[in-house]
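A quick write-up on the structure given underneath.
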Amino acid sequence: MTVNGNAIKACCLKVRSILEAGVEVQLARYDVCEGGAPAGAEVVKGIPLSPEETAQRDELLFLCAQRGRKALLDQAAYTWFNRIVAIHFMEVRGWLPSGVRMFTRADGSAGSQAVDEALDLQMDGLEPMRVAELKASGDDEALFRYLFLLQCEQLHDCLPDVFEPVGSAMELLLPQGLLFKDGPVMHMVSDIPEEDWTDGVEIVGWMYQYYVSERKDEVFAGFKKGKKAERDDIAPATQLFTPNWIVRYLTENSLGRLWMLNRPGSKLTESMPYFVKPDEDHETEFKHVTSPEDISLVDPACGSGHILVYAFDLLAKIYEEEGYRARDAARLILEKNLSGMEIDPRAAAMASFALTMKARELDSRFLRRGVKPRITVLSRVEFEPEELQYIPNLSARPQLLDAVAHLDECGSLLTVTKDDMDALAGDLASLAGESTIFGGSAVEKLELMRAELEPLGRSYDVVVANPPYMGSSSLGRWMSAWVKKRYPEAYRDLCTSFIDRGFSLSRTDGYSAMVTMQSWMFLGSFERLRGKILRGHSISSMAHLGTRAFGQIAGEVVSTTATVFANAKSEVRGAYFRLVDMGSEAEKREGLLEALADPDCGWFYRAAADAFGAIPGSPIAYWASDAMLHTFASEVVLRDVTRPRSGFSTGDNERFIHSWWEVNLVRLGLSCSSLAEANSSAFTWFPLNKGGNYRRWFGNNTLVVMWRNNASEMKKCSGYRSGCESHYFHEGITWGSISSSTISVRYSPIGYMPNRKGAMAYSNRRKDILFSLALLNSSVASSLLSFLAPTLDFSEGPVGSLPIVPGDCSEIMPLVESCIAESKADYDSFETSWDFKRNPLLYVPDELSLLSWRSKQDGVG
């Protein structure tokens with residue numbers, strides 16, 4: 001569906017604010033706070049409570065003490081948001097069991113058909129006398145609340161994950177004025193057109209993402225202040241609704257591919273516009289299925305269920321092709337094919353609802369059949385010390401118990417073995433008939449633990465996910481240490497850890513398809529992960545998306561790639577789509593479709609994974625030609641000719657780095673040839689290489705750094721990082737280690753210091769310096785660096801790995817010298833150069849240049 005994201009987001013944030021304010025009023029009304037009326041109170045703030053209300057309030061007091069008042073408020077507000085969304089989605093389709101609309105009239109206008117026709121309603125549990133009394137009194141608000149809660153009770157049997165049973169404590173926290181003109185229901189009905197609700201169940205996922213968007217912003221703002229993500233932060237900070245076309249690409253080339261390998265003559269491809277046709281070499285190792293019922297698919301971080309919803313659609317077409325009745329397909333897909341796991345219970349409830357609605361589309365009586373989607377909420381299970389004696393088998397597995405106590409953090413990253421499940425089963429068997437307090441409590445926790453761990457211990461034919469993205473540096477202490485130990489090759493981000501987990505979660509002849517950050521493809525910190533992938537697995541296909549693939553996220557936020565991995569080594573060449581150079585999400589989607597229709601478009605590639613090993617660091621450089629790969633076979637690299645070295649970080653640039661015209665020129669040392677000479681001089685400021693704008697051959701010499709007394713003040717800063725001091729002030733070449741385009745390298749004469757963002761390379765032989773300068777400024781180097789540094793991180797590692805073909809380069813030396821001279825002359829025509837003499841259009845005596853002035857100063861230094 002095409003959504004009006006701005007309208008939906010504005011509506012969700014407004015409704016959330018109104019609901020939270022309404023819940024706050026209810027909490028105050030029933031005195032649910034620390035120091036309020038005690039538990040068991042029958043009268044609160046002058047309001048008499050029924051026995052049922054007293055019990056509900058007592059439960060709220062317990063939850064408030066256990067989780068905190070803010071968490072209780074958040075839970076209640078979302079509970080009612082969730083239910084309003086679900087009921088409105090169903091009522092516009094005529095799917096409510098009551099057969100009438102709750103939030104609009106029959107014609108879609110403002111009001112409530114249920115209230116209008118209350119005297120004629122047929123609802124289980126409805127008390128006609130009570131309805132008549134409320135109708136006669138004209139109290140439409142009280143009547144609506146009664147009917148609304150009754151409707152929620154009816155829906156509990158068919159949607160238990162969304163609607164709690166009658167009598168839930170949350171009923172006390174249902175805000176007043178739901179149908180008011182400025183109430184939450186009216187905003188949801190009027191701010192979002194009804195056609196958006198009827199276009200598809202995906203609107204449920206969009207609404208959940210926007211509902212938690214402010215919380216997500218809060219978490220990321222905390223990261224900027226040095227805060228870490230604790231257990232309640234991970235879910236809202238990582239919820240991201242995947243664009244439909246990316247979902248389809250991943251699902252069609254994993255689930256769809258598995259089916260096509262088993263049914264080559266299937267017409268399913270007519271319904272899969274993003275399906276990549278196999279290369280001339282077809283896979284021979286894949287699971288052979290006899291019927292659709294044999295296929296299992298899991299989303300290990302399912303969120304609100306978008307991926308599972310499309311997988312349902314694809315499976316429904318497969319069942320139809322195999323001759324199944326629609327109502328049987330609806331049941332079998334949920335019972336046998338699809339599973340989801342999620343640490344956020346609110347998102348999981350939406351996923352369960354979305355899948356149930358998909359089944360209802362196929363089967364008009366599905367809500368009566370008692371079939372529930374297999375969505376597992378991974379919540380923490382903690383055993384008290386007194387309970388441990390009842391679970392001796394699990395007590396011998398402290399690491400498992402520790403992980404389960406943090407399951408709402410690590411989620412489906414936890415790998416569960418058969419021995420783990422056997423230990424759990426053994427403890428449960430030994431507690432049969434246990435009636436003691438702690439023993440009975442242990443049994444309840446073991447049952448919950450078994451329900452959560454069993455899906456984690458299974459293997460699935462297909463894994464499809466948009467896993468959470470969060471760097472390890474942002475994780476809380478426990479999660480950071482745990483993921484580093486469990487995923488040593490991939491721990492630097494949650495999404496890369498999920499890539500690794502996907503291989504253990506899928507069958508050896510299955511697929512794992514994920515959209516993740518592209519960092520694992522290139523960065524040195526993921527070299528071991530790439531090695532693991534290339535040694536034991538294969539890349540079936542990849543849509544290399546780059547930035548702006550998620551249209552709802554503005555700006556150059558994150559670079560992504562959608563990859564379908566085959567969980568076994570294969571000689572089949574992978575299919576790659578280079579979409580990184582295309583601007584918007586729409587352009588990338590159209591580019592993908594164009595490449596599928598015309599492989600000669602220029603951005604479609606076939607590559608064998610073994611070829612990546614020829615390039616240092618094994619980047620996934622699928623666009624490398626055979627000639628380029630042959631070049632990397634050279635035994636000589638740049639670091640053998642010149643020595644790339646990183647510089648220092650000051651820890652406080654605002655204090656220690658300035659433009660040369662901002663400092664006392666008498667204290668500016670422009671020609672020191674060594675660190676020892678600089679330290680023994682009386683100079684305070686020295687020239688600094690720090691990258692700068694794109695410029696080749698010479699220039700960007702405007703910055704100076706305070707290095708007084710061997711940088712004694714700078715070295716006291718906590719953020720100071722030293723460089724290779726033995727090369728400071730030596731002749732060499734320099735470039736910006738981070739660039740927005742290609743690398744630009746300049747000659748650096750004697751007298752400069754290197755900053756960490758202004759890397760340098762040195763040699764004792766000038767001809768090597770000039771040769772390296774020429775090479776790095778060539779189109780050949782730009783092409784080679786597109787493989788070695790595709791993220792435009794031109795640090796000394798990838799630059800030093802540039803292959804060199806030895807030969808006589810004497811002819812190019814004069815050309816390099818000429819380029820340097822012409823670039824210097826151009827640079828010195830600007831007043832920002834300290835060697836500026838005159839504007840080319842004006843006559844100014846030479847002696848007015850800074851260098852001429854400095855040469856006439858006596859006693860300086």
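The chains in the structure tokens are called A, B, ... from first to last as shown; in each chain the residues are counted from 1, and the ligands are counted from 1 in the order shown.
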
At a cut-off of 12 Å, using only C-alpha atoms, what residues contact Lys135 of chain A? Leave out same-chain residues fewer than 2 positions from it and give the result as an MDAnalysis selection string. chainID A and resid 114:120 128:133 137:144 146:147

Quick one: residues within 10 Å of Ala597 of chain A, only C-alpha atoms counted, chain neighbours fewer than 4 positions away excluded, as an mmCIF file with all heavy atoms, in the first residue's frame?
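New file result20.cif:
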data_model
loop_
_atom_site.group_PDB
_atom_site.id
_atom_site.type_symbol
_atom_site.label_atom_id
_atom_site.label_comp_id
_atom_site.auth_asym_id
_atom_site.auth_seq_id
_atom_site.Cartn_x
_atom_site.Cartn_y
_atom_site.Cartn_z
ATOM 1 N N PRO A 273 7.300 -10.212 -8.746
ATOM 2 C CA PRO A 273 8.011 -9.282 -9.634
ATOM 3 C C PRO A 273 9.469 -9.061 -9.239
ATOM 4 O O PRO A 273 10.255 -8.596 -10.071
ATOM 5 C CB PRO A 273 7.223 -7.984 -9.487
ATOM 6 C CG PRO A 273 6.539 -8.092 -8.159
ATOM 7 C CD PRO A 273 6.218 -9.538 -8.009
ATOM 8 N N TYR A 274 9.851 -9.404 -8.017
ATOM 9 C CA TYR A 274 11.221 -9.174 -7.572
ATOM 10 C C TYR A 274 12.043 -10.468 -7.543
ATOM 11 O O TYR A 274 13.139 -10.495 -7.002
ATOM 12 C CB TYR A 274 11.217 -8.533 -6.173
ATOM 13 C CG TYR A 274 10.507 -7.204 -6.153
ATOM 14 C CD1 TYR A 274 9.174 -7.109 -5.775
ATOM 15 C CD2 TYR A 274 11.156 -6.041 -6.557
ATOM 16 C CE1 TYR A 274 8.505 -5.888 -5.777
ATOM 17 C CE2 TYR A 274 10.495 -4.813 -6.569
ATOM 18 C CZ TYR A 274 9.173 -4.751 -6.177
ATOM 19 O OH TYR A 274 8.520 -3.546 -6.197
ATOM 20 N N VAL A 276 14.513 -13.278 -8.670
ATOM 21 C CA VAL A 276 15.715 -13.348 -9.494
ATOM 22 C C VAL A 276 15.771 -14.729 -10.145
ATOM 23 O O VAL A 276 15.873 -15.741 -9.444
ATOM 24 C CB VAL A 276 16.988 -13.107 -8.661
ATOM 25 C CG1 VAL A 276 18.226 -13.142 -9.556
ATOM 26 C CG2 VAL A 276 16.902 -11.778 -7.923
ATOM 27 N N GLY A 591 14.901 0.833 -10.212
ATOM 28 C CA GLY A 591 16.168 0.323 -10.715
ATOM 29 C C GLY A 591 16.272 -1.184 -10.571
ATOM 30 O O GLY A 591 16.786 -1.884 -11.465
ATOM 31 N N LEU A 592 15.778 -1.696 -9.468
ATOM 32 C CA LEU A 592 15.782 -3.147 -9.266
ATOM 33 C C LEU A 592 14.898 -3.841 -10.291
ATOM 34 O O LEU A 592 15.293 -4.839 -10.912
ATOM 35 C CB LEU A 592 15.318 -3.467 -7.837
ATOM 36 C CG LEU A 592 15.149 -4.935 -7.475
ATOM 37 C CD1 LEU A 592 16.459 -5.701 -7.658
ATOM 38 C CD2 LEU A 592 14.646 -5.092 -6.041
ATOM 39 N N LEU A 593 13.701 -3.316 -10.484
ATOM 40 C CA LEU A 593 12.789 -3.917 -11.456
ATOM 41 C C LEU A 593 13.356 -3.845 -12.878
ATOM 42 O O LEU A 593 13.220 -4.782 -13.657
ATOM 43 C CB LEU A 593 11.428 -3.214 -11.393
ATOM 44 C CG LEU A 593 10.609 -3.451 -10.124
ATOM 45 C CD1 LEU A 593 9.374 -2.556 -10.111
ATOM 46 C CD2 LEU A 593 10.209 -4.920 -10.005
ATOM 47 N N CYS A 601 21.529 -3.836 -18.016
ATOM 48 C CA CYS A 601 21.266 -2.427 -17.715
ATOM 49 C C CYS A 601 22.505 -1.688 -17.247
ATOM 50 O O CYS A 601 22.588 -0.461 -17.363
ATOM 51 C CB CYS A 601 20.175 -2.319 -16.649
ATOM 52 S SG CYS A 601 20.633 -3.098 -15.074
#

Give one line per residue of segment 603-693 of chain A that approaches segment 738-761 of chain A to at most 12 Å, naming the two atoms of the closest pair and their distance in Å to one decimal, counting only C-alpha atoms; sort by chain then ascending residue number and deliver it as CSV.
residue,atom,partner,partner_atom,distance
A:Leu638,CA,A:Ala761,CA,9.6
A:Arg639,CA,A:Ala761,CA,8.5
A:Asp640,CA,A:Ala761,CA,11.0
A:Val641,CA,A:Ala761,CA,9.5
A:Thr642,CA,A:Ala761,CA,5.8
A:Arg643,CA,A:Ala761,CA,4.9
A:Pro644,CA,A:Ala761,CA,3.9
A:Arg645,CA,A:Met760,CA,5.6
A:Ser646,CA,A:Ala759,CA,5.0
A:Gly647,CA,A:Arg756,CA,4.2
A:Phe648,CA,A:Asn755,CA,5.0
A:Ser649,CA,A:Arg756,CA,5.7
A:Thr650,CA,A:Asn755,CA,8.2
A:Gly651,CA,A:Arg756,CA,11.0
A:Asn653,CA,A:Asn755,CA,10.4
A:Phe656,CA,A:Asn755,CA,11.6
A:Ile657,CA,A:Asn755,CA,10.1
A:Leu668,CA,A:Gly751,CA,11.1
A:Gly669,CA,A:Gly751,CA,8.0
A:Leu670,CA,A:Gly751,CA,6.0
A:Ser671,CA,A:Gly751,CA,4.8
A:Cys672,CA,A:Gly751,CA,4.9
A:Ser673,CA,A:Gly751,CA,5.4
A:Ser674,CA,A:Gly751,CA,7.5
A:Leu675,CA,A:Met753,CA,9.1
A:Ala676,CA,A:Gly751,CA,12.0
A:Glu677,CA,A:Gly751,CA,10.2
A:Ala678,CA,A:Gly751,CA,9.1
A:Trp685,CA,A:Met753,CA,10.6
A:Phe686,CA,A:Tyr752,CA,7.0
A:Pro687,CA,A:Tyr752,CA,4.9
A:Leu688,CA,A:Met753,CA,4.9
A:Asn689,CA,A:Pro754,CA,5.0
A:Lys690,CA,A:Gly758,CA,3.8
A:Gly691,CA,A:Gly758,CA,4.4
A:Gly692,CA,A:Gly758,CA,8.1
A:Asn693,CA,A:Ser739,CA,8.6

Near-Cys33 of chain A list (10 Å; only C-alpha atoms; drop same-chain fewer than 6 positions) as a PyMOL selection string: chain A and resi 27+60-61+64-65+68-69

Could you pull out the strand (DSSP E) residues of segment 712-796 of chain A, going by DSSP on the backbone, and write them as number ranges by chain? A: 732-736, 745-748, 753-754, 758-762

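Taking only C-alpha atoms into account, Ile499 of chain A lies nearest to A:Met514 out of the set A:Cys809, A:Met514, A:Val43, A:Leu19.
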
Which polymer residues have any atom within 12 Å of an atom of Leu414 of chain A, counting only C-alpha atoms, with same-chain residues fewer than 5 positions away left out, as JSON, numbers by chain? {"A": [300, 341, 343, 378, 399, 400, 401, 402, 403, 404, 405, 406, 407, 408, 409, 420, 452, 453, 454, 455, 456, 457, 458, 479, 482, 483, 485, 486, 487, 497, 498, 500, 501, 502, 504, 505]}

Best match for closeness to Asp461 of chain A among A:Ser379, A:Asn567, A:Gln75, A:Gln518, counting only C-alpha atoms: A:Asn567

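Proximity ranking of A:Ser540, A:Ser271, A:Thr560, A:Ser519 relative to Arg573 of chain A places A:Ser540 first, based on only C-alpha atoms.
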
Give me the residues within 10 Å of Arg655 of chain A as an mmCIF file with N, CA, C and O atoms, in the first residue's frame, counting only C-alpha atoms and dropping any in the same chain fewer than 3 places off.
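So out.cif came out as:
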data_model
loop_
_atom_site.group_PDB
_atom_site.id
_atom_site.type_symbol
_atom_site.label_atom_id
_atom_site.label_comp_id
_atom_site.auth_asym_id
_atom_site.auth_seq_id
_atom_site.Cartn_x
_atom_site.Cartn_y
_atom_site.Cartn_z
ATOM 1 N N THR A 650 43.424 15.313 19.172
ATOM 2 C CA THR A 650 43.732 16.258 20.255
ATOM 3 C C THR A 650 42.877 16.024 21.494
ATOM 4 O O THR A 650 43.296 16.302 22.606
ATOM 5 N N GLY A 651 41.663 15.513 21.308
ATOM 6 C CA GLY A 651 40.738 15.400 22.427
ATOM 7 C C GLY A 651 39.950 16.681 22.659
ATOM 8 O O GLY A 651 38.950 16.680 23.383
ATOM 9 N N ASP A 652 40.380 17.797 22.063
ATOM 10 C CA ASP A 652 39.674 19.072 22.205
ATOM 11 C C ASP A 652 40.087 19.971 21.043
ATOM 12 O O ASP A 652 40.909 20.878 21.186
ATOM 13 N N HIS A 658 43.517 25.720 15.316
ATOM 14 C CA HIS A 658 43.015 27.004 14.831
ATOM 15 C C HIS A 658 43.506 27.217 13.412
ATOM 16 O O HIS A 658 44.408 26.535 12.921
ATOM 17 N N VAL A 705 48.285 23.589 14.919
ATOM 18 C CA VAL A 705 47.964 22.913 16.171
ATOM 19 C C VAL A 705 48.904 23.380 17.275
ATOM 20 O O VAL A 705 50.088 23.641 17.035
ATOM 21 N N MET A 706 48.367 23.499 18.474
ATOM 22 C CA MET A 706 49.179 23.871 19.625
ATOM 23 C C MET A 706 49.961 22.638 20.100
ATOM 24 O O MET A 706 49.375 21.640 20.512
ATOM 25 N N MET A 714 47.772 19.052 25.799
ATOM 26 C CA MET A 714 46.912 18.210 24.984
ATOM 27 C C MET A 714 46.867 16.774 25.503
ATOM 28 O O MET A 714 45.804 16.130 25.548
#

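A straight line drawn from atom CA of Leu159 of chain A to atom CA of Ser352 of chain A is 8.0 Å long.
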
Counting only C-alpha atoms, the option among A:Trp245, A:Lys418, A:Leu172, A:His306 closest to Glu587 of chain A: A:Trp245

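Across the model, the gap from atom CA of Asp124 of chain A to atom CA of Pro51 of chain A is 22.9 Å.
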
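Distance-wise, atom CA of Asp581 of chain A and atom CA of Asp626 of chain A end up 22.1 Å apart.
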
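For segment 360-375 of chain A, the set of protein, DNA and RNA residues having any atom at most 8 Å away, when counting only C-alpha atoms and skipping those fewer than 5 positions along the same chain, is Asp157, Cys158, Leu159, Ala326, Arg327, Ala329, Ala330, Arg331, Leu334, Glu335, Leu338, Ser339, Gly340, Met341, Glu342, Ala348, Ala351, Ser352 and Leu355 of chain A.
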
I'd like the neighbourhood of segment 661-664 of chain A as a PyMOL selection string, where a residue qualifies if any of its atoms comes within 10 Å (using only C-alpha atoms), though same-chain residues fewer than 6 positions away should be ignored. chain A and resi 683-685+702-706+832-834
